[in-house]
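Participant: File name model-v4.cif; file contents mmCIF, C-alpha atoms; full text below.
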```cif
data_coords
#
loop_
_atom_site.group_PDB
_atom_site.id
_atom_site.type_symbol
_atom_site.label_atom_id
_atom_site.label_comp_id
_atom_site.auth_asym_id
_atom_site.auth_seq_id
_atom_site.Cartn_x
_atom_site.Cartn_y
_atom_site.Cartn_z
ATOM 1 C CA MET U 1 0.000 0.000 0.000
ATOM 2 C CA GLY U 2 3.033 2.195 -0.520
ATOM 3 C CA GLY U 3 1.362 3.943 -3.438
ATOM 4 C CA ILE U 4 -1.367 5.437 -1.306
ATOM 5 C CA ASN U 5 -1.582 9.220 -1.422
ATOM 6 C CA THR U 6 0.218 10.280 1.774
ATOM 7 C CA THR U 7 1.428 13.668 0.557
ATOM 8 C CA THR U 8 -1.587 15.451 1.980
ATOM 9 C CA LYS U 9 -2.509 15.749 5.630
ATOM 10 C CA ILE U 10 -6.216 15.344 4.965
ATOM 11 C CA GLN U 11 -8.268 13.542 7.562
ATOM 12 C CA PHE U 12 -11.618 12.044 6.686
ATOM 13 C CA PHE U 13 -14.745 12.280 8.795
ATOM 14 C CA PHE U 14 -17.880 10.162 8.537
ATOM 15 C CA ARG U 15 -21.162 11.998 8.274
ATOM 16 C CA PRO U 16 -23.408 11.132 11.245
ATOM 17 C CA PHE U 17 -26.669 9.331 10.595
ATOM 18 C CA SER U 18 -28.514 12.112 12.403
ATOM 19 C CA LEU U 19 -27.734 15.514 13.915
ATOM 20 C CA ASP U 20 -29.836 14.581 16.939
ATOM 21 C CA PRO U 21 -27.566 13.141 19.697
ATOM 22 C CA GLU U 22 -30.397 10.996 21.052
ATOM 23 C CA VAL U 23 -31.003 9.403 17.645
ATOM 24 C CA GLN U 24 -27.266 8.853 17.281
ATOM 25 C CA MET U 25 -27.196 7.127 20.681
ATOM 26 C CA ILE U 26 -30.074 4.831 19.700
ATOM 27 C CA ILE U 27 -28.245 3.900 16.490
ATOM 28 C CA PHE U 28 -25.040 3.369 18.503
ATOM 29 C CA VAL U 29 -26.797 0.942 20.858
ATOM 30 C CA ALA U 30 -28.350 -0.895 17.878
ATOM 31 C CA PHE U 31 -24.967 -1.195 16.128
ATOM 32 C CA LEU U 32 -23.255 -2.315 19.340
ATOM 33 C CA VAL U 33 -25.884 -4.996 19.989
ATOM 34 C CA MET U 34 -25.625 -6.220 16.387
ATOM 35 C CA TYR U 35 -21.830 -6.278 16.530
ATOM 36 C CA LEU U 36 -21.681 -8.203 19.819
ATOM 37 C CA THR U 37 -24.373 -10.607 18.616
ATOM 38 C CA SER U 38 -22.434 -11.214 15.409
ATOM 39 C CA LEU U 39 -19.182 -11.802 17.308
ATOM 40 C CA SER U 40 -20.732 -14.204 19.809
ATOM 41 C CA GLY U 41 -22.830 -16.102 17.242
ATOM 42 C CA ASN U 42 -19.975 -16.670 14.806
ATOM 43 C CA ALA U 43 -17.526 -17.458 17.605
ATOM 44 C CA ILE U 44 -19.926 -20.120 18.944
ATOM 45 C CA ILE U 45 -20.182 -21.711 15.486
ATOM 46 C CA ALA U 46 -16.395 -21.787 15.097
ATOM 47 C CA VAL U 47 -15.799 -23.203 18.593
ATOM 48 C CA ILE U 48 -18.575 -25.808 18.341
ATOM 49 C CA VAL U 49 -17.161 -27.114 15.063
ATOM 50 C CA GLN U 50 -13.653 -27.184 16.535
ATOM 51 C CA ILE U 51 -14.486 -29.084 19.740
ATOM 52 C CA ASN U 52 -17.017 -31.526 18.271
ATOM 53 C CA HIS U 53 -15.265 -34.314 16.368
ATOM 54 C CA SER U 54 -18.467 -35.387 14.623
ATOM 55 C CA LEU U 55 -18.418 -32.021 12.836
ATOM 56 C CA HIS U 56 -14.889 -32.449 11.494
ATOM 57 C CA THR U 57 -16.091 -32.749 7.914
ATOM 58 C CA PRO U 58 -15.453 -30.485 4.900
ATOM 59 C CA MET U 59 -18.894 -28.846 5.129
ATOM 60 C CA TYR U 60 -18.384 -27.752 8.724
ATOM 61 C CA PHE U 61 -14.733 -26.890 8.088
ATOM 62 C CA PHE U 62 -15.888 -24.322 5.529
ATOM 63 C CA LEU U 63 -18.723 -23.173 7.792
ATOM 64 C CA ALA U 64 -16.303 -22.573 10.688
ATOM 65 C CA ASN U 65 -13.972 -20.633 8.393
ATOM 66 C CA LEU U 66 -16.925 -18.584 7.130
ATOM 67 C CA ALA U 67 -17.760 -17.736 10.756
ATOM 68 C CA VAL U 68 -14.167 -16.626 11.434
ATOM 69 C CA LEU U 69 -14.171 -14.539 8.248
ATOM 70 C CA GLU U 70 -17.408 -12.871 9.362
ATOM 71 C CA ILE U 71 -15.836 -11.960 12.727
ATOM 72 C CA PHE U 72 -12.893 -10.192 11.094
ATOM 73 C CA TYR U 73 -15.080 -8.748 8.331
ATOM 74 C CA THR U 74 -17.439 -7.048 10.798
ATOM 75 C CA SER U 75 -14.551 -6.030 13.055
ATOM 76 C CA SER U 76 -12.935 -4.124 10.195
ATOM 77 C CA ILE U 77 -15.989 -1.828 10.195
ATOM 78 C CA ALA U 78 -17.690 -1.804 13.601
ATOM 79 C CA PRO U 79 -15.153 -0.214 16.029
ATOM 80 C CA LEU U 80 -14.632 2.927 13.931
ATOM 81 C CA ALA U 81 -18.362 3.152 13.130
ATOM 82 C CA LEU U 82 -19.221 2.931 16.841
ATOM 83 C CA ALA U 83 -16.629 5.576 17.768
ATOM 84 C CA ASN U 84 -18.009 7.853 15.062
ATOM 85 C CA LEU U 85 -21.572 7.411 16.327
ATOM 86 C CA LEU U 86 -20.524 8.383 19.850
ATOM 87 C CA SER U 87 -18.583 11.449 18.680
ATOM 88 C CA MET U 88 -21.355 12.731 16.377
ATOM 89 C CA GLY U 89 -19.118 12.359 13.329
ATOM 90 C CA GLN U 90 -16.062 13.978 14.936
ATOM 91 C CA THR U 91 -13.803 10.902 14.941
ATOM 92 C CA PRO U 92 -11.117 11.539 12.303
ATOM 93 C CA VAL U 93 -9.499 8.857 10.172
ATOM 94 C CA SER U 94 -6.307 9.433 8.224
ATOM 95 C CA ILE U 95 -5.885 8.542 4.561
ATOM 96 C CA ILE U 96 -3.702 5.596 5.616
ATOM 97 C CA GLY U 97 -6.320 4.508 8.157
ATOM 98 C CA CYS U 98 -9.108 4.805 5.604
ATOM 99 C CA GLY U 99 -7.095 2.857 3.033
ATOM 100 C CA THR U 100 -6.312 0.144 5.574
ATOM 101 C CA GLN U 101 -9.967 -0.244 6.493
ATOM 102 C CA MET U 102 -10.962 -0.388 2.828
ATOM 103 C CA PHE U 103 -8.260 -2.974 2.090
ATOM 104 C CA PHE U 104 -9.380 -5.362 4.844
ATOM 105 C CA PHE U 105 -13.057 -4.833 4.100
ATOM 106 C CA VAL U 106 -12.634 -5.709 0.403
ATOM 107 C CA PHE U 107 -10.130 -8.477 1.177
ATOM 108 C CA LEU U 108 -12.386 -10.241 3.673
ATOM 109 C CA GLY U 109 -15.574 -9.537 1.701
ATOM 110 C CA GLY U 110 -14.023 -10.945 -1.477
ATOM 111 C CA ALA U 111 -12.814 -14.046 0.355
ATOM 112 C CA ASP U 112 -16.299 -14.410 1.832
ATOM 113 C CA CYS U 113 -17.908 -14.425 -1.651
ATOM 114 C CA VAL U 114 -15.411 -16.986 -2.976
ATOM 115 C CA LEU U 115 -15.897 -19.187 0.098
ATOM 116 C CA LEU U 116 -19.665 -19.243 -0.490
ATOM 117 C CA ALA U 117 -18.972 -20.588 -4.002
ATOM 118 C CA ILE U 118 -16.642 -23.225 -2.537
ATOM 119 C CA MET U 119 -19.359 -24.267 -0.091
ATOM 120 C CA ALA U 120 -21.777 -24.695 -3.015
ATOM 121 C CA TYR U 121 -19.207 -26.929 -4.746
ATOM 122 C CA ASP U 122 -18.876 -28.970 -1.542
ATOM 123 C CA ARG U 123 -22.659 -29.522 -1.425
ATOM 124 C CA PHE U 124 -22.637 -30.405 -5.137
ATOM 125 C CA ILE U 125 -20.063 -33.168 -4.562
ATOM 126 C CA ALA U 126 -21.806 -34.398 -1.386
ATOM 127 C CA ILE U 127 -25.222 -34.751 -3.055
ATOM 128 C CA CYS U 128 -24.302 -35.656 -6.636
ATOM 129 C CA TYR U 129 -21.310 -37.916 -5.883
ATOM 130 C CA PRO U 130 -21.884 -39.168 -2.305
ATOM 131 C CA LEU U 131 -19.820 -42.347 -2.710
ATOM 132 C CA ARG U 132 -16.797 -40.397 -3.910
ATOM 133 C CA TYR U 133 -17.250 -37.436 -1.559
ATOM 134 C CA THR U 134 -14.485 -38.260 0.922
ATOM 135 C CA LEU U 135 -12.105 -39.084 -1.917
ATOM 136 C CA ILE U 136 -12.756 -35.851 -3.831
ATOM 137 C CA MET U 137 -13.090 -33.482 -0.857
ATOM 138 C CA SER U 138 -9.828 -34.454 0.814
ATOM 139 C CA TRP U 139 -8.520 -32.344 3.678
ATOM 140 C CA SER U 140 -5.626 -31.129 1.558
ATOM 141 C CA LEU U 141 -8.073 -29.884 -1.100
ATOM 142 C CA CYS U 142 -10.236 -28.187 1.545
ATOM 143 C CA VAL U 143 -7.228 -26.316 2.946
ATOM 144 C CA GLU U 144 -6.081 -25.359 -0.552
ATOM 145 C CA LEU U 145 -9.565 -24.047 -1.437
ATOM 146 C CA MET U 146 -9.724 -22.046 1.789
ATOM 147 C CA LEU U 147 -6.280 -20.539 1.212
ATOM 148 C CA GLY U 148 -7.255 -19.878 -2.405
ATOM 149 C CA SER U 149 -10.249 -17.806 -1.292
ATOM 150 C CA LEU U 150 -7.956 -15.686 0.898
ATOM 151 C CA VAL U 151 -5.402 -15.232 -1.891
ATOM 152 C CA LEU U 152 -8.125 -14.188 -4.350
ATOM 153 C CA GLY U 153 -9.538 -11.740 -1.802
ATOM 154 C CA PHE U 154 -6.063 -10.253 -1.314
ATOM 155 C CA LEU U 155 -5.394 -9.989 -5.065
ATOM 156 C CA LEU U 156 -8.744 -8.244 -5.487
ATOM 157 C CA SER U 157 -8.334 -5.818 -2.606
ATOM 158 C CA LEU U 158 -4.785 -4.549 -2.964
ATOM 159 C CA PRO U 159 -4.931 -3.109 -6.512
ATOM 160 C CA LEU U 160 -8.400 -1.613 -5.974
ATOM 161 C CA THR U 161 -7.320 0.128 -2.770
ATOM 162 C CA VAL U 162 -4.122 1.453 -4.343
ATOM 163 C CA LEU U 163 -6.050 2.604 -7.425
ATOM 164 C CA ILE U 164 -8.552 4.604 -5.389
ATOM 165 C CA PHE U 165 -6.000 6.191 -3.051
ATOM 166 C CA HIS U 166 -3.867 7.384 -5.934
ATOM 167 C CA LEU U 167 -6.660 9.889 -6.495
ATOM 168 C CA PRO U 168 -6.096 13.421 -5.183
ATOM 169 C CA PHE U 169 -8.316 14.472 -2.277
ATOM 170 C CA CYS U 170 -8.802 18.171 -1.660
ATOM 171 C CA HIS U 171 -10.743 20.014 1.020
ATOM 172 C CA HIS U 172 -14.064 18.155 0.938
ATOM 173 C CA ASN U 173 -13.322 15.342 3.382
ATOM 174 C CA GLU U 174 -16.694 14.252 4.839
ATOM 175 C CA ILE U 175 -17.504 10.702 3.764
ATOM 176 C CA TYR U 176 -21.237 10.184 3.388
ATOM 177 C CA HIS U 177 -21.039 6.735 4.956
ATOM 178 C CA PHE U 178 -20.121 4.993 8.205
ATOM 179 C CA TYR U 179 -16.945 3.361 6.829
ATOM 180 C CA CYS U 180 -14.487 3.843 3.962
ATOM 181 C CA ASP U 181 -16.508 2.258 1.196
ATOM 182 C CA MET U 182 -15.080 2.573 -2.319
ATOM 183 C CA PRO U 183 -17.930 4.489 -4.045
ATOM 184 C CA ALA U 184 -18.256 6.900 -1.099
ATOM 185 C CA VAL U 185 -14.511 7.647 -0.977
ATOM 186 C CA MET U 186 -14.233 8.090 -4.765
ATOM 187 C CA HIS U 187 -17.048 10.620 -4.520
ATOM 188 C CA LEU U 188 -14.680 12.919 -2.566
ATOM 189 C CA ALA U 189 -11.853 12.910 -5.108
ATOM 190 C CA CYS U 190 -11.125 16.231 -6.808
ATOM 191 C CA ALA U 191 -10.320 14.583 -10.141
ATOM 192 C CA ASP U 192 -12.083 12.711 -12.916
ATOM 193 C CA THR U 193 -12.989 9.279 -11.552
ATOM 194 C CA HIS U 194 -14.634 7.857 -14.672
ATOM 195 C CA VAL U 195 -11.815 5.361 -15.284
ATOM 196 C CA HIS U 196 -11.759 4.363 -11.619
ATOM 197 C CA ARG U 197 -15.530 3.841 -11.502
ATOM 198 C CA THR U 198 -15.453 1.815 -14.697
ATOM 199 C CA THR U 199 -12.609 -0.319 -13.352
ATOM 200 C CA LEU U 200 -14.448 -0.870 -10.069
ATOM 201 C CA TYR U 201 -17.616 -1.844 -11.933
ATOM 202 C CA ILE U 202 -15.819 -4.321 -14.229
ATOM 203 C CA ILE U 203 -13.872 -5.952 -11.389
ATOM 204 C CA SER U 204 -16.972 -6.115 -9.183
ATOM 205 C CA PHE U 205 -18.983 -7.661 -12.010
ATOM 206 C CA VAL U 206 -16.341 -10.333 -12.648
ATOM 207 C CA VAL U 207 -15.782 -11.065 -8.957
ATOM 208 C CA LEU U 208 -19.503 -11.354 -8.228
ATOM 209 C CA SER U 209 -20.712 -12.976 -11.435
ATOM 210 C CA ILE U 210 -18.170 -15.819 -11.664
ATOM 211 C CA PRO U 211 -18.757 -17.234 -8.142
ATOM 212 C CA LEU U 212 -22.510 -16.662 -8.460
ATOM 213 C CA SER U 213 -22.534 -18.492 -11.805
ATOM 214 C CA LEU U 214 -20.648 -21.415 -10.251
ATOM 215 C CA ILE U 215 -23.098 -21.455 -7.337
ATOM 216 C CA SER U 216 -26.071 -21.416 -9.729
ATOM 217 C CA ILE U 217 -24.654 -24.241 -11.866
ATOM 218 C CA SER U 218 -23.926 -26.298 -8.751
ATOM 219 C CA TYR U 219 -27.488 -25.905 -7.536
ATOM 220 C CA VAL U 220 -28.976 -26.859 -10.887
ATOM 221 C CA PHE U 221 -27.217 -30.221 -10.596
ATOM 222 C CA ILE U 222 -28.052 -30.424 -6.883
ATOM 223 C CA VAL U 223 -31.794 -29.897 -7.491
ATOM 224 C CA VAL U 224 -31.800 -32.552 -10.217
ATOM 225 C CA ALA U 225 -29.993 -34.972 -7.891
ATOM 226 C CA ILE U 226 -32.366 -34.241 -4.992
ATOM 227 C CA PHE U 227 -35.436 -35.038 -7.084
ATOM 228 C CA ARG U 228 -33.861 -38.393 -7.921
ATOM 229 C CA ILE U 229 -33.619 -39.330 -4.240
ATOM 230 C CA LYS U 230 -36.387 -41.817 -3.545
ATOM 231 C CA SER U 231 -36.500 -41.368 0.223
ATOM 232 C CA ALA U 232 -38.545 -38.391 1.449
ATOM 233 C CA GLU U 233 -36.284 -38.140 4.495
ATOM 234 C CA GLY U 234 -33.222 -38.114 2.254
ATOM 235 C CA ARG U 235 -34.671 -35.337 0.099
ATOM 236 C CA HIS U 236 -35.558 -33.286 3.186
ATOM 237 C CA ARG U 237 -32.070 -33.695 4.671
ATOM 238 C CA ALA U 238 -30.411 -32.688 1.397
ATOM 239 C CA LEU U 239 -32.681 -29.668 1.036
ATOM 240 C CA SER U 240 -32.114 -28.545 4.629
ATOM 241 C CA THR U 241 -28.329 -28.519 4.229
ATOM 242 C CA CYS U 242 -28.616 -26.499 1.001
ATOM 243 C CA SER U 243 -31.401 -24.060 1.870
ATOM 244 C CA SER U 244 -29.329 -22.383 4.593
ATOM 245 C CA HIS U 245 -26.516 -21.772 2.146
ATOM 246 C CA ILE U 246 -28.898 -20.410 -0.511
ATOM 247 C CA ILE U 247 -30.383 -17.876 1.934
ATOM 248 C CA VAL U 248 -26.912 -16.637 2.916
ATOM 249 C CA VAL U 249 -25.857 -16.402 -0.754
ATOM 250 C CA LEU U 250 -28.940 -14.356 -1.668
ATOM 251 C CA LEU U 251 -28.335 -11.921 1.198
ATOM 252 C CA GLN U 252 -24.616 -11.489 0.558
ATOM 253 C CA TYR U 253 -24.655 -11.311 -3.226
ATOM 254 C CA GLY U 254 -27.899 -9.348 -3.420
ATOM 255 C CA CYS U 255 -26.709 -6.503 -1.181
ATOM 256 C CA THR U 256 -23.180 -6.416 -2.623
ATOM 257 C CA SER U 257 -24.470 -6.362 -6.202
ATOM 258 C CA PHE U 258 -26.818 -3.496 -5.348
ATOM 259 C CA ILE U 259 -23.919 -1.358 -4.091
ATOM 260 C CA TYR U 260 -21.210 -2.179 -6.613
ATOM 261 C CA LEU U 261 -23.164 -3.015 -9.780
ATOM 262 C CA SER U 262 -25.693 -0.185 -9.731
ATOM 263 C CA PRO U 263 -25.005 2.584 -12.286
ATOM 264 C CA SER U 264 -22.968 5.383 -10.712
ATOM 265 C CA SER U 265 -25.583 7.910 -11.837
ATOM 266 C CA SER U 266 -28.162 6.189 -9.632
ATOM 267 C CA TYR U 267 -25.867 5.943 -6.578
ATOM 268 C CA SER U 268 -27.633 7.263 -3.507
ATOM 269 C CA PRO U 269 -25.546 7.831 -0.347
ATOM 270 C CA GLU U 270 -28.582 7.282 1.873
ATOM 271 C CA MET U 271 -29.513 4.043 0.127
ATOM 272 C CA GLY U 272 -25.864 2.970 0.145
ATOM 273 C CA GLN U 273 -25.713 3.428 3.912
ATOM 274 C CA GLY U 274 -28.885 1.438 4.481
ATOM 275 C CA VAL U 275 -27.921 -1.491 2.279
ATOM 276 C CA SER U 276 -24.401 -1.516 3.739
ATOM 277 C CA VAL U 277 -25.839 -1.938 7.231
ATOM 278 C CA VAL U 278 -27.462 -5.159 5.997
ATOM 279 C CA TYR U 279 -24.293 -6.840 4.752
ATOM 280 C CA THR U 280 -21.874 -5.432 7.343
ATOM 281 C CA PHE U 281 -23.959 -5.928 10.494
ATOM 282 C CA ILE U 282 -27.174 -7.866 9.838
ATOM 283 C CA THR U 283 -25.939 -10.627 7.500
ATOM 284 C CA PRO U 284 -23.087 -11.673 9.872
ATOM 285 C CA ILE U 285 -25.768 -12.099 12.554
ATOM 286 C CA LEU U 286 -28.079 -14.089 10.294
ATOM 287 C CA ASN U 287 -25.382 -16.475 9.057
ATOM 288 C CA PRO U 288 -24.901 -18.405 12.333
ATOM 289 C CA LEU U 289 -28.617 -18.117 13.109
ATOM 290 C CA ILE U 290 -29.659 -19.526 9.728
ATOM 291 C CA TYR U 291 -27.136 -22.366 9.825
ATOM 292 C CA SER U 292 -27.793 -23.327 13.453
ATOM 293 C CA LEU U 293 -31.590 -23.304 13.110
ATOM 294 C CA ARG U 294 -31.684 -25.266 9.843
ATOM 295 C CA ASN U 295 -28.942 -27.798 10.523
ATOM 296 C CA LYS U 296 -29.754 -30.792 12.738
ATOM 297 C CA ASP U 297 -26.138 -31.836 13.347
ATOM 298 C CA LEU U 298 -25.176 -28.345 14.429
ATOM 299 C CA LYS U 299 -28.222 -28.012 16.689
ATOM 300 C CA ASP U 300 -27.395 -31.346 18.333
ATOM 301 C CA ALA U 301 -23.786 -30.250 18.869
ATOM 302 C CA LEU U 302 -24.986 -26.971 20.418
ATOM 303 C CA ARG U 303 -27.341 -28.804 22.791
ATOM 304 C CA LYS U 304 -24.555 -31.198 23.771
ATOM 305 C CA ALA U 305 -22.174 -28.326 24.450
ATOM 306 C CA LEU U 306 -24.808 -26.513 26.545
ATOM 307 C CA ARG U 307 -25.445 -29.632 28.615
ATOM 308 C CA MET U 308 -21.732 -30.098 29.234
ATOM 309 C CA PHE U 309 -21.439 -26.434 30.224
ATOM 310 C CA GLN U 310 -24.356 -26.734 32.678
ATOM 311 C CA ILE U 311 -22.956 -29.909 34.206
ATOM 312 C CA GLY U 312 -19.525 -28.357 34.476
#
```
With the file now loaded, output its structure as structure tokens.
Facilitator:
Amino acid sequence: MGGINTTTKIQFFFRPFSLDPEVQMIIFVAFLVMYLTSLSGNAIIAVIVQINHSLHTPMYFFLANLAVLEIFYTSSIAPLALANLLSMGQTPVSIIGCGTQMFFFVFLGGADCVLLAIMAYDRFIAICYPLRYTLIMSWSLCVELMLGSLVLGFLLSLPLTVLIFHLPFCHHNEIYHFYCDMPAVMHLACADTHVHRTTLYIISFVVLSIPLSLISISYVFIVVAIFRIKSAEGRHRALSTCSSHIIVVLLQYGCTSFIYLSPSSSYSPEMGQGVSVVYTFITPILNPLIYSLRNKDLKDALRKALRMFQIG
């Protein structure tokens, strides 16, 4: 990130949601509750998978890693957003600090999207090739796929962050957002950003469309395979393991596509803030809730852990 514009001493500020301190405090409490709920929910998922040997399978390996990603993903946004809410928009962030937040947000968000595609591939193999599942989804492949998602997230984030922070920023330094999101930061640049916006749109389209296409193809084959299952119980079990993943995919990809694939002329800061709250705070809460409520093995492991905790 050496190419980031550090020649100026500009500090960014985030515009408060409201000029009313009481409204700001209500929003602060809501954000804090959502953040703590997200941390605890995802941490429970990760710990339960780690301590329960019956969950040491590829599906739960990816689910635990998704939970850990969500913890870091939300934590790249929440602390600064909470501080800004308390200070009524008076918490400054340097260009380096803003660039660092943007880098980790895009890095972890990109890895998150790729991991969701990997999880769809895992379900495809489990349902369409059950007898060969353990042979195909070896632990070495699972680790390689997980590391691959992180590498792809890194390779996506670094050039985009450097590209945006090569822009000159002048005196207008109030970001109409609660974190350093790419469209909101580019809006402050005192230079022509047409090339940057086009580049962001193309990269976002490729990054979102390729994994989503792979997920869609996987589920076409999965649905066909499920309808071939003769047992009603077998069909229900297969559907229950997939439906949770589909809900999470729709939330994540739907909100992200709205922000990054909408025409720049129709970009609304207010709408951008609202949608961003969904995928930075609400979706990380829903992920563990959706998976734990719709997954029998995970619910059984949670009950077992609670009983052991009570006995202890």
Participant: Suppose a student applies the PyMOL selection byres ((chain U and resi 164) around 10) to this structure; what residues should they get, written as a list in words?
Facilitator: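 Selection result, ordered by chain and number: Ile4, Asn5, Gly99, Met102, Pro159, Leu160, Thr161, Val162, Leu163, Phe165, His166, Leu167, Pro168, Met182, Pro183, Val185, Met186, Ala189, Thr193, His196, Arg197 and Leu200 of chain U.
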Participant: Place a sphere of radius 12 Å on (-24.6, -40.3, -6.0) in the file coordinates and name every protein, DNA or RNA residue with an atom inside or on its surface, counting all atoms listed in the file; give the answer as a PyMOL selection string.
Facilitator: chain U and resi 123-133+221-222+224-226+228-229
Participant: How about saving the chosen residues, C-alpha atoms kept, as a PDB file, in the coordinates of the input?
Facilitator:
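File produced: selection_38.pdb:
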```
ATOM      1  CA  ARG U 123     -22.659 -29.522  -1.425  1.00  0.00           C
ATOM      2  CA  PHE U 124     -22.637 -30.405  -5.137  1.00  0.00           C
ATOM      3  CA  ILE U 125     -20.063 -33.168  -4.562  1.00  0.00           C
ATOM      4  CA  ALA U 126     -21.806 -34.398  -1.386  1.00  0.00           C
ATOM      5  CA  ILE U 127     -25.222 -34.751  -3.055  1.00  0.00           C
ATOM      6  CA  CYS U 128     -24.302 -35.656  -6.636  1.00  0.00           C
ATOM      7  CA  TYR U 129     -21.310 -37.916  -5.883  1.00  0.00           C
ATOM      8  CA  PRO U 130     -21.884 -39.168  -2.305  1.00  0.00           C
ATOM      9  CA  LEU U 131     -19.820 -42.347  -2.710  1.00  0.00           C
ATOM     10  CA  ARG U 132     -16.797 -40.397  -3.910  1.00  0.00           C
ATOM     11  CA  TYR U 133     -17.250 -37.436  -1.559  1.00  0.00           C
ATOM     12  CA  PHE U 221     -27.217 -30.221 -10.596  1.00  0.00           C
ATOM     13  CA  ILE U 222     -28.052 -30.424  -6.883  1.00  0.00           C
ATOM     14  CA  VAL U 224     -31.800 -32.552 -10.217  1.00  0.00           C
ATOM     15  CA  ALA U 225     -29.993 -34.972  -7.891  1.00  0.00           C
ATOM     16  CA  ILE U 226     -32.366 -34.241  -4.992  1.00  0.00           C
ATOM     17  CA  ARG U 228     -33.861 -38.393  -7.921  1.00  0.00           C
ATOM     18  CA  ILE U 229     -33.619 -39.330  -4.240  1.00  0.00           C
TER      19      ILE U 229
END
```
Participant: Would you write out, as an NGL selection string, every residue that the PyMOL selection byres ((chain U and resi 29-34) around 8) captures in this file?
Facilitator: :U and (25-28 or 35-38 or 78 or 82 or 281-282 or 285)
Participant: Which is closer to Asp122 in chain U than all the others in U:Ser204, U:Ser138, U:Asn173, U:Ser257, using all atoms listed in the file?
Facilitator: U:Ser138
Participant: Between U:Phe12, U:Phe17, U:Phe62, U:Phe258, single out the one closest to Val143 in chain U, counting all atoms listed in the file.
Facilitator: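 So, comparing all the options, the nearest one is U:Phe62.
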Participant: Which residues are close to Tyr201 in chain U, i.e. within 9 Å by only C-alpha atoms, leaving aside same-chain residues fewer than 3 positions away? Reply as a list of chain:residue names.
Facilitator: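 Result of the neighbour search: U:His196, U:Arg197, U:Thr198, U:Ser204, U:Phe205, U:Val206, U:Tyr260, U:Leu261, U:Ser262, U:Pro263.
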Participant: Run the PyMOL selection byres ((chain U and resi 149) around 9) mentally over the shown coordinates, then write out the matched residues as a PDB file with C-alpha atoms, in the coordinates of the input, using the chain letters and numbers from the document.
Facilitator:
```pdb
ATOM      1  CA  GLY U 110     -14.023 -10.945  -1.477  1.00  0.00           C
ATOM      2  CA  ALA U 111     -12.814 -14.046   0.355  1.00  0.00           C
ATOM      3  CA  ASP U 112     -16.299 -14.410   1.832  1.00  0.00           C
ATOM      4  CA  CYS U 113     -17.908 -14.425  -1.651  1.00  0.00           C
ATOM      5  CA  VAL U 114     -15.411 -16.986  -2.976  1.00  0.00           C
ATOM      6  CA  LEU U 115     -15.897 -19.187   0.098  1.00  0.00           C
ATOM      7  CA  ILE U 118     -16.642 -23.225  -2.537  1.00  0.00           C
ATOM      8  CA  GLU U 144      -6.081 -25.359  -0.552  1.00  0.00           C
ATOM      9  CA  LEU U 145      -9.565 -24.047  -1.437  1.00  0.00           C
ATOM     10  CA  MET U 146      -9.724 -22.046   1.789  1.00  0.00           C
ATOM     11  CA  LEU U 147      -6.280 -20.539   1.212  1.00  0.00           C
ATOM     12  CA  GLY U 148      -7.255 -19.878  -2.405  1.00  0.00           C
ATOM     13  CA  LEU U 150      -7.956 -15.686   0.898  1.00  0.00           C
ATOM     14  CA  VAL U 151      -5.402 -15.232  -1.891  1.00  0.00           C
ATOM     15  CA  LEU U 152      -8.125 -14.188  -4.350  1.00  0.00           C
ATOM     16  CA  GLY U 153      -9.538 -11.740  -1.802  1.00  0.00           C
ATOM     17  CA  PHE U 154      -6.063 -10.253  -1.314  1.00  0.00           C
TER      18      PHE U 154
END
```
Participant: May I ask which of the residues U:Tyr179, U:Ser54, U:Tyr253, U:Ala43 is the closest one to Lys304 in chain U, counting all atoms listed in the file?
Facilitator: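 Nearest candidate to Lys304 in chain U out of U:Tyr179, U:Ser54, U:Tyr253, U:Ala43: U:Ser54.
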Participant: So how far away is CA of Tyr73 in chain U from CA of Ile10 in chain U, in Å?
Facilitator: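 Between CA of Ile10 in chain U and CA of Tyr73 in chain U the gap works out to 25.9 Å.
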Participant: So what do you get for CA of Phe105 in chain U versus CA of Pro79 in chain U, distance-wise?
Facilitator: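 Distance reported for this atom pair: 13.0 Å.
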Participant: Tell me which protein, DNA and RNA residues are within 8 Å of Ile215 in chain U, counting all atoms listed in the file, leaving out same-chain ones fewer than 2 positions away, and put them as a PyMOL selection string.
Facilitator: chain U and resi 116-117+120-121+211-213+217-219
Participant: Keeping C-alpha atoms, export the residues of the selection given above as a PDB file, in the frame of the given file.
Facilitator:
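So the final result, stored in result-v8.pdb, reads:
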```pdb
ATOM      1  CA  LEU U 116     -19.665 -19.243  -0.490  1.00  0.00           C
ATOM      2  CA  ALA U 117     -18.972 -20.588  -4.002  1.00  0.00           C
ATOM      3  CA  ALA U 120     -21.777 -24.695  -3.015  1.00  0.00           C
ATOM      4  CA  TYR U 121     -19.207 -26.929  -4.746  1.00  0.00           C
ATOM      5  CA  PRO U 211     -18.757 -17.234  -8.142  1.00  0.00           C
ATOM      6  CA  LEU U 212     -22.510 -16.662  -8.460  1.00  0.00           C
ATOM      7  CA  SER U 213     -22.534 -18.492 -11.805  1.00  0.00           C
ATOM      8  CA  ILE U 217     -24.654 -24.241 -11.866  1.00  0.00           C
ATOM      9  CA  SER U 218     -23.926 -26.298  -8.751  1.00  0.00           C
ATOM     10  CA  TYR U 219     -27.488 -25.905  -7.536  1.00  0.00           C
TER      11      TYR U 219
END
```
Participant: Just how far from CA of Phe72 in chain U is CA of Pro21 in chain U, in Å to one decimal?
Facilitator: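 Going from CA of Pro21 in chain U over to CA of Phe72 in chain U covers 28.9 Å.
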